[in-house]
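Chemist: Dropping in entry06.cif, which is mmCIF, C-alpha atoms; chains and numbers go by the auth columns:
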data_upload
loop_
_atom_site.group_PDB
_atom_site.id
_atom_site.type_symbol
_atom_site.label_atom_id
_atom_site.label_comp_id
_atom_site.label_asym_id
_atom_site.label_seq_id
_atom_site.Cartn_x
_atom_site.Cartn_y
_atom_site.Cartn_z
_atom_site.B_iso_or_equiv
_atom_site.auth_seq_id
_atom_site.auth_asym_id
ATOM 1 C CA MET A 1 -33.857 -27.565 13.455 0.00 20 A
ATOM 2 C CA TYR A 2 -30.142 -27.514 14.078 0.00 21 A
ATOM 3 C CA THR A 3 -27.226 -25.972 12.279 0.00 22 A
ATOM 4 C CA THR A 4 -23.893 -27.546 11.586 0.00 23 A
ATOM 5 C CA GLU A 5 -20.564 -26.193 10.541 0.00 24 A
ATOM 6 C CA LEU A 6 -18.430 -28.280 8.227 0.00 25 A
ATOM 7 C CA THR A 7 -15.350 -26.662 6.753 0.00 26 A
ATOM 8 C CA LYS A 8 -12.533 -27.968 4.574 0.00 27 A
ATOM 9 C CA TYR A 9 -9.053 -26.480 4.770 0.00 28 A
ATOM 10 C CA SER A 10 -6.409 -27.140 2.129 0.00 29 A
ATOM 11 C CA ALA A 11 -2.965 -27.625 3.611 0.00 30 A
ATOM 12 C CA LYS A 12 0.432 -27.498 1.981 0.00 31 A
ATOM 13 C CA ALA A 13 1.750 -30.817 0.683 0.00 32 A
ATOM 14 C CA ASP A 14 3.028 -33.207 3.335 0.00 33 A
ATOM 15 C CA ILE A 15 5.943 -35.508 2.652 0.00 34 A
ATOM 16 C CA GLY A 16 4.659 -38.384 0.595 0.00 35 A
ATOM 17 C CA GLN A 17 0.891 -38.628 0.484 0.00 36 A
ATOM 18 C CA THR A 18 -0.904 -35.869 2.379 0.00 37 A
ATOM 19 C CA SER A 19 -2.809 -37.151 5.410 0.00 38 A
ATOM 20 C CA ARG A 20 -6.386 -35.950 5.867 0.00 39 A
ATOM 21 C CA ILE A 21 -7.518 -35.208 9.426 0.00 40 A
ATOM 22 C CA LEU A 22 -11.051 -34.625 10.702 0.00 41 A
ATOM 23 C CA VAL A 23 -11.123 -32.182 13.639 0.00 42 A
ATOM 24 C CA VAL A 24 -14.362 -32.225 15.661 0.00 43 A
ATOM 25 C CA GLU A 25 -14.397 -29.345 18.157 0.00 44 A
ATOM 26 C CA ASP A 26 -17.246 -26.997 19.086 0.00 45 A
ATOM 27 C CA GLU A 27 -15.097 -24.209 20.575 0.00 46 A
ATOM 28 C CA GLU A 28 -14.234 -21.983 17.636 0.00 47 A
ATOM 29 C CA LEU A 29 -10.944 -20.635 19.006 0.00 48 A
ATOM 30 C CA ILE A 30 -9.596 -24.094 19.840 0.00 49 A
ATOM 31 C CA ARG A 31 -10.798 -25.428 16.491 0.00 50 A
ATOM 32 C CA GLU A 32 -8.995 -22.678 14.594 0.00 51 A
ATOM 33 C CA MET A 33 -5.800 -23.210 16.597 0.00 52 A
ATOM 34 C CA LEU A 34 -5.898 -26.930 15.835 0.00 53 A
ATOM 35 C CA VAL A 35 -6.345 -26.222 12.138 0.00 54 A
ATOM 36 C CA VAL A 36 -3.397 -23.809 12.043 0.00 55 A
ATOM 37 C CA ALA A 37 -1.100 -26.189 13.941 0.00 56 A
ATOM 38 C CA LEU A 38 -1.974 -29.178 11.738 0.00 57 A
ATOM 39 C CA GLU A 39 -1.807 -27.204 8.494 0.00 58 A
ATOM 40 C CA GLU A 40 1.690 -26.072 9.392 0.00 59 A
ATOM 41 C CA GLU A 41 2.667 -29.757 9.508 0.00 60 A
ATOM 42 C CA GLY A 42 1.331 -30.212 5.979 0.00 61 A
ATOM 43 C CA TYR A 43 -1.924 -32.023 6.754 0.00 62 A
ATOM 44 C CA GLU A 44 -5.258 -31.461 5.041 0.00 63 A
ATOM 45 C CA VAL A 45 -7.822 -30.587 7.698 0.00 64 A
ATOM 46 C CA ILE A 46 -11.600 -30.895 7.645 0.00 65 A
ATOM 47 C CA THR A 47 -13.554 -29.598 10.636 0.00 66 A
ATOM 48 C CA ALA A 48 -16.949 -30.206 12.182 0.00 67 A
ATOM 49 C CA ALA A 49 -18.352 -27.938 14.907 0.00 68 A
ATOM 50 C CA ASP A 50 -20.823 -30.398 16.453 0.00 69 A
ATOM 51 C CA GLY A 51 -21.513 -34.093 16.743 0.00 70 A
ATOM 52 C CA ARG A 52 -24.156 -34.321 14.027 0.00 71 A
ATOM 53 C CA ALA A 53 -21.866 -32.629 11.509 0.00 72 A
ATOM 54 C CA ALA A 54 -19.128 -35.094 12.405 0.00 73 A
ATOM 55 C CA VAL A 55 -21.407 -38.115 11.959 0.00 74 A
ATOM 56 C CA GLU A 56 -22.617 -36.735 8.626 0.00 75 A
ATOM 57 C CA CYS A 57 -19.037 -36.213 7.492 0.00 76 A
ATOM 58 C CA LEU A 58 -18.007 -39.730 8.528 0.00 77 A
ATOM 59 C CA LYS A 59 -21.068 -41.132 6.733 0.00 78 A
ATOM 60 C CA ASN A 60 -20.068 -39.317 3.544 0.00 79 A
ATOM 61 C CA CYS A 61 -16.556 -40.658 4.030 0.00 80 A
ATOM 62 C CA GLN A 62 -17.877 -44.221 3.982 0.00 81 A
ATOM 63 C CA SER A 63 -19.970 -43.703 0.836 0.00 82 A
ATOM 64 C CA ASN A 64 -17.250 -41.737 -0.993 0.00 83 A
ATOM 65 C CA ALA A 65 -14.124 -43.359 0.381 0.00 84 A
ATOM 66 C CA GLY A 66 -11.993 -42.295 -2.546 0.00 85 A
ATOM 67 C CA GLU A 67 -12.772 -38.621 -2.002 0.00 86 A
ATOM 68 C CA LEU A 68 -13.263 -38.158 1.725 0.00 87 A
ATOM 69 C CA SER A 69 -11.252 -40.854 3.469 0.00 88 A
ATOM 70 C CA PHE A 70 -9.675 -39.774 6.766 0.00 89 A
ATOM 71 C CA ASP A 71 -6.358 -40.873 8.219 0.00 90 A
ATOM 72 C CA LEU A 72 -7.047 -39.509 11.723 0.00 91 A
ATOM 73 C CA VAL A 73 -9.916 -38.047 13.768 0.00 92 A
ATOM 74 C CA VAL A 74 -9.242 -35.457 16.487 0.00 93 A
ATOM 75 C CA LEU A 75 -12.429 -35.663 18.550 0.00 94 A
ATOM 76 C CA ASP A 76 -13.614 -33.473 21.419 0.00 95 A
ATOM 77 C CA LEU A 77 -15.451 -35.330 24.167 0.00 96 A
ATOM 78 C CA MET A 78 -18.095 -32.698 25.028 0.00 97 A
ATOM 79 C CA LEU A 79 -19.955 -31.773 21.842 0.00 98 A
ATOM 80 C CA PRO A 80 -23.403 -30.385 21.011 0.00 99 A
ATOM 81 C CA GLN A 81 -25.955 -32.764 19.436 0.00 100 A
ATOM 82 C CA ILE A 82 -23.921 -35.978 19.810 0.00 101 A
ATOM 83 C CA ASN A 83 -21.024 -36.312 22.253 0.00 102 A
ATOM 84 C CA GLY A 84 -17.581 -37.617 21.424 0.00 103 A
ATOM 85 C CA LEU A 85 -17.975 -40.913 23.275 0.00 104 A
ATOM 86 C CA ASP A 86 -21.060 -41.813 21.234 0.00 105 A
ATOM 87 C CA ILE A 87 -19.307 -40.870 17.991 0.00 106 A
ATOM 88 C CA CYS A 88 -16.356 -43.038 18.976 0.00 107 A
ATOM 89 C CA ARG A 89 -18.642 -45.964 19.825 0.00 108 A
ATOM 90 C CA LEU A 90 -20.507 -45.547 16.530 0.00 109 A
ATOM 91 C CA MET A 91 -17.299 -45.525 14.489 0.00 110 A
ATOM 92 C CA ARG A 92 -15.981 -48.695 16.096 0.00 111 A
ATOM 93 C CA HIS A 93 -19.372 -50.398 15.875 0.00 112 A
ATOM 94 C CA GLN A 94 -19.400 -49.707 12.135 0.00 113 A
ATOM 95 C CA GLY A 95 -15.916 -51.160 11.780 0.00 114 A
ATOM 96 C CA ASN A 96 -14.202 -47.812 11.203 0.00 115 A
ATOM 97 C CA SER A 97 -10.623 -48.317 12.402 0.00 116 A
ATOM 98 C CA VAL A 98 -9.354 -44.773 11.743 0.00 117 A
ATOM 99 C CA PRO A 99 -7.177 -43.635 14.684 0.00 118 A
ATOM 100 C CA ILE A 100 -8.955 -41.320 17.151 0.00 119 A
ATOM 101 C CA LEU A 101 -7.272 -38.738 19.368 0.00 120 A
ATOM 102 C CA MET A 102 -9.814 -37.707 21.993 0.00 121 A
ATOM 103 C CA LEU A 103 -9.705 -34.229 23.552 0.00 122 A
ATOM 104 C CA SER A 104 -11.376 -33.408 26.849 0.00 123 A
ATOM 105 C CA ALA A 105 -11.382 -30.975 29.747 0.00 124 A
ATOM 106 C CA LYS A 106 -12.099 -34.006 31.936 0.00 125 A
ATOM 107 C CA GLY A 107 -8.749 -35.267 33.095 0.00 126 A
ATOM 108 C CA SER A 108 -9.656 -37.910 35.664 0.00 127 A
ATOM 109 C CA GLU A 109 -8.350 -41.427 35.285 0.00 128 A
ATOM 110 C CA THR A 110 -11.921 -42.732 34.956 0.00 129 A
ATOM 111 C CA ASP A 111 -12.643 -40.414 32.036 0.00 130 A
ATOM 112 C CA ARG A 112 -9.414 -41.332 30.272 0.00 131 A
ATOM 113 C CA VAL A 113 -10.034 -45.054 30.732 0.00 132 A
ATOM 114 C CA LEU A 114 -13.616 -44.691 29.475 0.00 133 A
ATOM 115 C CA GLY A 115 -12.457 -42.839 26.372 0.00 134 A
ATOM 116 C CA LEU A 116 -9.888 -45.510 25.585 0.00 135 A
ATOM 117 C CA GLU A 117 -12.293 -48.359 26.302 0.00 136 A
ATOM 118 C CA VAL A 118 -14.898 -47.108 23.809 0.00 137 A
ATOM 119 C CA GLY A 119 -12.271 -47.071 21.072 0.00 138 A
ATOM 120 C CA ALA A 120 -10.088 -43.967 21.255 0.00 139 A
ATOM 121 C CA ASP A 121 -6.415 -44.574 20.482 0.00 140 A
ATOM 122 C CA ASP A 122 -5.066 -41.673 22.558 0.00 141 A
ATOM 123 C CA TYR A 123 -6.416 -39.118 25.025 0.00 142 A
ATOM 124 C CA LEU A 124 -5.298 -35.524 25.557 0.00 143 A
ATOM 125 C CA THR A 125 -6.530 -33.380 28.440 0.00 144 A
ATOM 126 C CA LYS A 126 -7.287 -29.684 28.009 0.00 145 A
ATOM 127 C CA PRO A 127 -5.499 -27.345 28.251 0.00 146 A
ATOM 128 C CA PHE A 128 -2.726 -28.840 26.123 0.00 147 A
ATOM 129 C CA SER A 129 0.150 -27.523 24.070 0.00 148 A
ATOM 130 C CA MET A 130 -0.205 -27.541 20.302 0.00 149 A
ATOM 131 C CA ARG A 131 3.248 -29.071 20.073 0.00 150 A
ATOM 132 C CA GLU A 132 2.178 -32.080 22.104 0.00 151 A
ATOM 133 C CA MET A 133 -1.055 -32.393 20.119 0.00 152 A
ATOM 134 C CA VAL A 134 0.856 -32.409 16.820 0.00 153 A
ATOM 135 C CA ALA A 135 3.362 -34.945 18.179 0.00 154 A
ATOM 136 C CA ARG A 136 0.548 -37.283 19.211 0.00 155 A
ATOM 137 C CA CYS A 137 -1.100 -36.908 15.800 0.00 156 A
ATOM 138 C CA ARG A 138 2.176 -37.734 14.066 0.00 157 A
ATOM 139 C CA ALA A 139 2.650 -40.802 16.246 0.00 158 A
ATOM 140 C CA LEU A 140 -0.878 -42.081 15.516 0.00 159 A
ATOM 141 C CA LEU A 141 -0.497 -41.474 11.774 0.00 160 A
ATOM 142 C CA ARG A 142 2.895 -43.176 11.726 0.00 161 A
ATOM 143 C CA ARG A 143 1.493 -46.169 13.598 0.00 162 A
ATOM 144 C CA GLN A 144 -1.417 -46.354 11.158 0.00 163 A
ATOM 145 C CA ARG A 145 0.860 -46.222 8.113 0.00 164 A
ATOM 146 C CA LEU A 146 3.085 -48.980 9.489 0.00 165 A
ATOM 147 C CA SER A 147 0.062 -51.184 10.157 0.00 166 A
ATOM 148 C CA ILE A 148 -1.174 -51.009 6.560 0.00 167 A
ATOM 149 C CA LEU A 149 2.113 -51.013 4.637 0.00 168 A
ATOM 150 C CA PRO A 150 2.969 -54.345 3.048 0.00 169 A
ATOM 151 C CA GLN A 151 6.018 -55.974 4.561 0.00 170 A
ATOM 152 C CA ILE A 152 8.846 -55.986 2.026 0.00 171 A
ATOM 153 C CA PRO A 153 11.509 -58.298 3.478 0.00 172 A
ATOM 154 C CA VAL A 154 14.324 -57.248 1.125 0.00 173 A
ATOM 155 C CA LEU A 155 15.056 -53.808 -0.297 0.00 174 A
ATOM 156 C CA LYS A 156 17.633 -53.504 -3.093 0.00 175 A
ATOM 157 C CA TYR A 157 19.343 -50.605 -4.789 0.00 176 A
ATOM 158 C CA LYS A 158 22.390 -51.131 -6.985 0.00 177 A
ATOM 159 C CA ASP A 159 24.961 -52.953 -4.816 0.00 178 A
ATOM 160 C CA VAL A 160 23.101 -52.466 -1.525 0.00 179 A
ATOM 161 C CA SER A 161 20.469 -54.863 -0.186 0.00 180 A
ATOM 162 C CA LEU A 162 18.628 -54.599 3.133 0.00 181 A
ATOM 163 C CA ASN A 163 16.730 -57.450 4.757 0.00 182 A
ATOM 164 C CA ALA A 164 14.315 -55.844 7.222 0.00 183 A
ATOM 165 C CA GLN A 165 13.215 -59.080 8.867 0.00 184 A
ATOM 166 C CA GLU A 166 16.765 -60.284 9.509 0.00 185 A
ATOM 167 C CA CYS A 167 18.205 -56.780 10.142 0.00 186 A
ATOM 168 C CA ARG A 168 21.013 -57.518 7.679 0.00 187 A
ATOM 169 C CA VAL A 169 22.654 -55.246 5.114 0.00 188 A
ATOM 170 C CA LEU A 170 24.877 -56.395 2.260 0.00 189 A
ATOM 171 C CA VAL A 171 27.080 -53.944 0.359 0.00 190 A
ATOM 172 C CA ARG A 172 28.741 -55.311 -2.774 0.00 191 A
ATOM 173 C CA GLY A 173 28.080 -58.823 -1.496 0.00 192 A
ATOM 174 C CA LYS A 174 29.610 -58.280 1.957 0.00 193 A
ATOM 175 C CA GLU A 175 27.658 -57.892 5.164 0.00 194 A
ATOM 176 C CA VAL A 176 28.122 -54.622 7.054 0.00 195 A
ATOM 177 C CA ASN A 177 27.268 -53.939 10.682 0.00 196 A
ATOM 178 C CA LEU A 178 24.990 -50.960 11.300 0.00 197 A
ATOM 179 C CA SER A 179 23.796 -49.438 14.537 0.00 198 A
ATOM 180 C CA PRO A 180 19.989 -49.420 15.076 0.00 199 A
ATOM 181 C CA LYS A 181 19.749 -45.753 14.050 0.00 200 A
ATOM 182 C CA GLU A 182 21.926 -46.299 10.976 0.00 201 A
ATOM 183 C CA PHE A 183 19.812 -49.293 9.985 0.00 202 A
ATOM 184 C CA ARG A 184 16.562 -47.333 10.407 0.00 203 A
ATOM 185 C CA LEU A 185 17.966 -44.432 8.380 0.00 204 A
ATOM 186 C CA LEU A 186 19.012 -46.723 5.552 0.00 205 A
ATOM 187 C CA GLU A 187 15.687 -48.555 5.608 0.00 206 A
ATOM 188 C CA LEU A 188 13.826 -45.241 5.378 0.00 207 A
ATOM 189 C CA PHE A 189 16.030 -44.018 2.531 0.00 208 A
ATOM 190 C CA MET A 190 15.715 -47.253 0.556 0.00 209 A
ATOM 191 C CA SER A 191 11.946 -47.417 1.076 0.00 210 A
ATOM 192 C CA TYR A 192 11.586 -43.981 -0.550 0.00 211 A
ATOM 193 C CA ALA A 193 14.427 -43.841 -3.051 0.00 212 A
ATOM 194 C CA ARG A 194 15.168 -40.383 -4.500 0.00 213 A
ATOM 195 C CA ARG A 195 12.853 -38.617 -2.069 0.00 214 A
ATOM 196 C CA VAL A 196 14.464 -35.655 -0.336 0.00 215 A
ATOM 197 C CA TRP A 197 14.336 -35.630 3.467 0.00 216 A
ATOM 198 C CA SER A 198 15.109 -32.622 5.645 0.00 217 A
ATOM 199 C CA ARG A 199 17.049 -33.111 8.887 0.00 218 A
ATOM 200 C CA GLU A 200 13.885 -32.383 10.865 0.00 219 A
ATOM 201 C CA GLN A 201 11.918 -35.020 8.963 0.00 220 A
ATOM 202 C CA LEU A 202 14.651 -37.599 9.499 0.00 221 A
ATOM 203 C CA LEU A 203 14.760 -36.796 13.209 0.00 222 A
ATOM 204 C CA ASP A 204 11.004 -37.233 13.436 0.00 223 A
ATOM 205 C CA GLN A 205 10.949 -40.512 11.494 0.00 224 A
ATOM 206 C CA VAL A 206 14.017 -42.183 13.045 0.00 225 A
ATOM 207 C CA TRP A 207 14.533 -40.586 16.472 0.00 226 A
ATOM 208 C CA GLY A 208 10.872 -39.778 17.142 0.00 227 A
ATOM 209 C CA PRO A 209 8.968 -36.556 17.912 0.00 228 A
ATOM 210 C CA ASP A 210 10.147 -36.520 21.531 0.00 229 A
ATOM 211 C CA PHE A 211 13.846 -36.379 20.617 0.00 230 A
ATOM 212 C CA VAL A 212 15.661 -33.511 22.325 0.00 231 A
ATOM 213 C CA GLY A 213 18.931 -32.627 20.674 0.00 232 A
ATOM 214 C CA ASP A 214 20.690 -30.983 17.774 0.00 233 A
ATOM 215 C CA SER A 215 19.798 -31.680 14.140 0.00 234 A
ATOM 216 C CA LYS A 216 23.542 -32.181 13.576 0.00 235 A
ATOM 217 C CA THR A 217 22.937 -35.663 14.998 0.00 236 A
ATOM 218 C CA VAL A 218 21.540 -36.530 11.569 0.00 237 A
ATOM 219 C CA ASP A 219 24.702 -35.306 9.816 0.00 238 A
ATOM 220 C CA VAL A 220 26.889 -37.426 12.094 0.00 239 A
ATOM 221 C CA HIS A 221 24.886 -40.595 11.414 0.00 240 A
ATOM 222 C CA ILE A 222 24.836 -39.866 7.677 0.00 241 A
ATOM 223 C CA ARG A 223 28.616 -39.593 7.724 0.00 242 A
ATOM 224 C CA TRP A 224 28.954 -42.911 9.570 0.00 243 A
ATOM 225 C CA LEU A 225 26.522 -44.550 7.156 0.00 244 A
ATOM 226 C CA ARG A 226 28.413 -43.253 4.122 0.00 245 A
ATOM 227 C CA GLU A 227 31.659 -44.686 5.482 0.00 246 A
ATOM 228 C CA LYS A 228 30.027 -48.113 5.519 0.00 247 A
ATOM 229 C CA LEU A 229 28.219 -47.877 2.170 0.00 248 A
ATOM 230 C CA GLU A 230 30.218 -45.694 -0.166 0.00 249 A
ATOM 231 C CA GLN A 231 33.383 -46.613 -2.020 0.00 250 A
ATOM 232 C CA ASP A 232 34.355 -42.941 -1.757 0.00 251 A
ATOM 233 C CA PRO A 233 32.457 -41.257 1.146 0.00 252 A
ATOM 234 C CA SER A 234 33.601 -37.813 -0.023 0.00 253 A
ATOM 235 C CA HIS A 235 31.835 -38.422 -3.358 0.00 254 A
ATOM 236 C CA PRO A 236 28.750 -40.447 -2.360 0.00 255 A
ATOM 237 C CA GLU A 237 26.620 -42.254 -4.927 0.00 256 A
ATOM 238 C CA TYR A 238 23.992 -43.556 -2.525 0.00 257 A
ATOM 239 C CA ILE A 239 23.246 -40.924 0.136 0.00 258 A
ATOM 240 C CA VAL A 240 23.412 -37.599 -1.664 0.00 259 A
ATOM 241 C CA THR A 241 23.291 -34.132 -0.079 0.00 260 A
ATOM 242 C CA VAL A 242 20.679 -31.829 -1.609 0.00 261 A
ATOM 243 C CA ARG A 243 21.962 -28.420 -0.625 0.00 262 A
ATOM 244 C CA GLY A 244 19.450 -26.247 1.166 0.00 263 A
ATOM 245 C CA PHE A 245 17.007 -29.151 1.597 0.00 264 A
ATOM 246 C CA GLY A 246 18.574 -32.262 3.128 0.00 265 A
ATOM 247 C CA TYR A 247 19.409 -35.741 1.871 0.00 266 A
ATOM 248 C CA ARG A 248 18.126 -38.263 -0.647 0.00 267 A
ATOM 249 C CA PHE A 249 19.005 -41.863 -1.490 0.00 268 A
ATOM 250 C CA GLY A 250 20.040 -42.623 -5.061 0.00 269 A
#
Is it possible to give me this structure as structure tokens?
Modeler:
Amino acid sequence: MYTTELTKYSAKADIGQTSRILVVEDEELIREMLVVALEEEGYEVITAADGRAAVECLKNCQSNAGELSFDLVVLDLMLPQINGLDICRLMRHQGNSVPILMLSAKGSETDRVLGLEVGADDYLTKPFSMREMVARCRALLRRQRLSILPQIPVLKYKDVSLNAQECRVLVRGKEVNLSPKEFRLLELFMSYARRVWSREQLLDQVWGPDFVGDSKTVDVHIRWLREKLEQDPSHPEYIVTVRGFGYRFG
């Protein structure tokens, strides 16, 4: 006989659709710290304390995809019952392409290469900072979302059109030149019209989780973007300030 621990944690709502993460870690303290760190980012977290519980959970995910689908698996290498490498191999053998962040106290190059070769998407050596772990999770989730989103070549809103493939923007029929960051900001805004973004969320989406700088950078780029889009930048109709929260488009 063996016992398993499988626990579901409800997180606060993430921006857009909440991502669901499976955390497989046998050390209770580390598992709880991972849950807290990921919940604070707005993710829904399900945990398994050993390899058999993880396999059972992934099996249920396949048979009830609408209810238990995962967007990311954080997987410890050394687990009771079934180790992380075997779980990773099993997932890939079954055609499960969910991103896997592997955790391990083994930090040698051989161990890292082995983890990546059996199908892990990223590898983090213990001890690690929760900030780095969260940043890696965000990067994997963002990469996964981009890989499954349909490519919409042209986005339109009122008098503004954006062609993502050609990196061109037309405002009232005239082409405007945007910097790469301005273009990415506008593309993000137009892809999620009327959704409110905080400065921190915009920094994460456009500048990346490793950006080191002041959130005022966002305000500066918003001002530049308004000067190129708005007929009256002091009274914007496209990029609107939502006081106390951030910005929205439209």
Chemist: Using only C-alpha atoms, which residues of range 179-224 of chain A come within 9 Å of range 232-256 of chain A, and what is the closest atom pair for each, with the distance in Å to one decimal? Give it as CSV, sorted by chain and residue number.
Modeler:
residue,atom,partner,partner_atom,distance
A:Val179,CA,A:Leu248,CA,7.8
A:Val190,CA,A:Leu248,CA,6.4
A:Arg191,CA,A:Leu248,CA,8.9
A:Val195,CA,A:Lys247,CA,7.0
A:Asn196,CA,A:Lys247,CA,8.3
A:Leu197,CA,A:Leu244,CA,7.8
A:Lys200,CA,A:His240,CA,7.7
A:Glu201,CA,A:Leu244,CA,6.2
A:Phe202,CA,A:Leu244,CA,8.7
A:Leu204,CA,A:Ile241,CA,8.3
A:Leu205,CA,A:Leu244,CA,8.0
A:Arg218,CA,A:Ser234,CA,6.1
A:Glu219,CA,A:Ser234,CA,6.8
A:Leu221,CA,A:Val237,CA,7.3
A:Leu222,CA,A:Val237,CA,7.0
Chemist: Taking C-alpha atoms for each residue, export the selection above as a PDB file, in the coordinates of the input.
Modeler:
ATOM      1  CA  VAL A 179      23.101 -52.466  -1.525  1.00  0.00           C
ATOM      2  CA  VAL A 190      27.080 -53.944   0.359  1.00  0.00           C
ATOM      3  CA  ARG A 191      28.741 -55.311  -2.774  1.00  0.00           C
ATOM      4  CA  VAL A 195      28.122 -54.622   7.054  1.00  0.00           C
ATOM      5  CA  ASN A 196      27.268 -53.939  10.682  1.00  0.00           C
ATOM      6  CA  LEU A 197      24.990 -50.960  11.300  1.00  0.00           C
ATOM      7  CA  LYS A 200      19.749 -45.753  14.050  1.00  0.00           C
ATOM      8  CA  GLU A 201      21.926 -46.299  10.976  1.00  0.00           C
ATOM      9  CA  PHE A 202      19.812 -49.293   9.985  1.00  0.00           C
ATOM     10  CA  LEU A 204      17.966 -44.432   8.380  1.00  0.00           C
ATOM     11  CA  LEU A 205      19.012 -46.723   5.552  1.00  0.00           C
ATOM     12  CA  ARG A 218      17.049 -33.111   8.887  1.00  0.00           C
ATOM     13  CA  GLU A 219      13.885 -32.383  10.865  1.00  0.00           C
ATOM     14  CA  LEU A 221      14.651 -37.599   9.499  1.00  0.00           C
ATOM     15  CA  LEU A 222      14.760 -36.796  13.209  1.00  0.00           C
TER      16      LEU A 222
END
Chemist: Please provide as JSON, numbers by chain all residues within 12 Å of range 121-138 of chain A, with the sequence filter that same-chain residues fewer than 4 positions apart are discarded (counting only C-alpha atoms).
Modeler: {"A": [41, 42, 43, 44, 45, 46, 49, 50, 53, 91, 92, 93, 94, 95, 96, 97, 98, 102, 103, 104, 105, 106, 107, 108, 109, 110, 111, 112, 113, 114, 115, 116, 117, 142, 143, 144, 145, 146, 147, 148, 152, 155, 156, 159]}
Chemist: Using CA of Leu189 in chain A and CA of Glu206 in chain A as the two end points, give the distance in Å to one decimal.
Modeler: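 Interatomic distance, CA of Leu189 in chain A to CA of Glu206 in chain A: 12.5 Å.
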Chemist: Between CA of Pro199 in chain A and CA of Ala158 in chain A, what distance in Å does the model show, to one decimal?
Modeler: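 Separation of CA of Pro199 in chain A and CA of Ala158 in chain A: 19.4 Å.
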Chemist: Measure the distance from CA of Leu174 in chain A to CA of Pro228 in chain A in Å and round it to one decimal.
Modeler: 25.8 Å
Chemist: Reconstruct range 185-199 of chain A at the level of N, CA and C atoms, and format the result as a CSV table (one decimal), in the coordinates of the input.
Modeler:
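And here is the file that came out, part_13.csv:
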chain,number,residue,atom,x,y,z
A,185,GLU,N,15.6,-59.7,8.9
A,185,GLU,CA,16.8,-60.3,9.5
A,185,GLU,C,17.7,-59.2,10.0
A,186,CYS,N,17.4,-57.9,9.7
A,186,CYS,CA,18.2,-56.8,10.1
A,186,CYS,C,19.6,-56.9,9.6
A,187,ARG,N,19.7,-57.3,8.3
A,187,ARG,CA,21.0,-57.5,7.7
A,187,ARG,C,21.1,-56.6,6.5
A,188,VAL,N,22.4,-56.1,6.3
A,188,VAL,CA,22.7,-55.2,5.1
A,188,VAL,C,23.9,-55.8,4.4
A,189,LEU,N,23.8,-56.0,3.1
A,189,LEU,CA,24.9,-56.4,2.3
A,189,LEU,C,25.3,-55.3,1.3
A,190,VAL,N,26.6,-55.0,1.3
A,190,VAL,CA,27.1,-53.9,0.4
A,190,VAL,C,28.1,-54.6,-0.5
A,191,ARG,N,27.9,-54.6,-1.8
A,191,ARG,CA,28.7,-55.3,-2.8
A,191,ARG,C,29.0,-56.8,-2.3
A,192,GLY,N,28.0,-57.4,-1.9
A,192,GLY,CA,28.1,-58.8,-1.5
A,192,GLY,C,28.6,-59.1,-0.1
A,193,LYS,N,29.0,-58.1,0.6
A,193,LYS,CA,29.6,-58.3,2.0
A,193,LYS,C,28.7,-57.7,3.0
A,194,GLU,N,28.5,-58.4,4.1
A,194,GLU,CA,27.7,-57.9,5.2
A,194,GLU,C,28.4,-56.8,5.9
A,195,VAL,N,27.6,-55.7,6.3
A,195,VAL,CA,28.1,-54.6,7.1
A,195,VAL,C,27.3,-54.5,8.3
A,196,ASN,N,27.9,-54.1,9.4
A,196,ASN,CA,27.3,-53.9,10.7
A,196,ASN,C,26.8,-52.5,10.9
A,197,LEU,N,25.5,-52.3,11.1
A,197,LEU,CA,25.0,-51.0,11.3
A,197,LEU,C,24.4,-50.9,12.7
A,198,SER,N,24.5,-49.7,13.3
A,198,SER,CA,23.8,-49.4,14.5
A,198,SER,C,22.3,-49.4,14.3
A,199,PRO,N,21.5,-49.5,15.3
A,199,PRO,CA,20.0,-49.4,15.1
A,199,PRO,C,19.6,-48.1,14.3
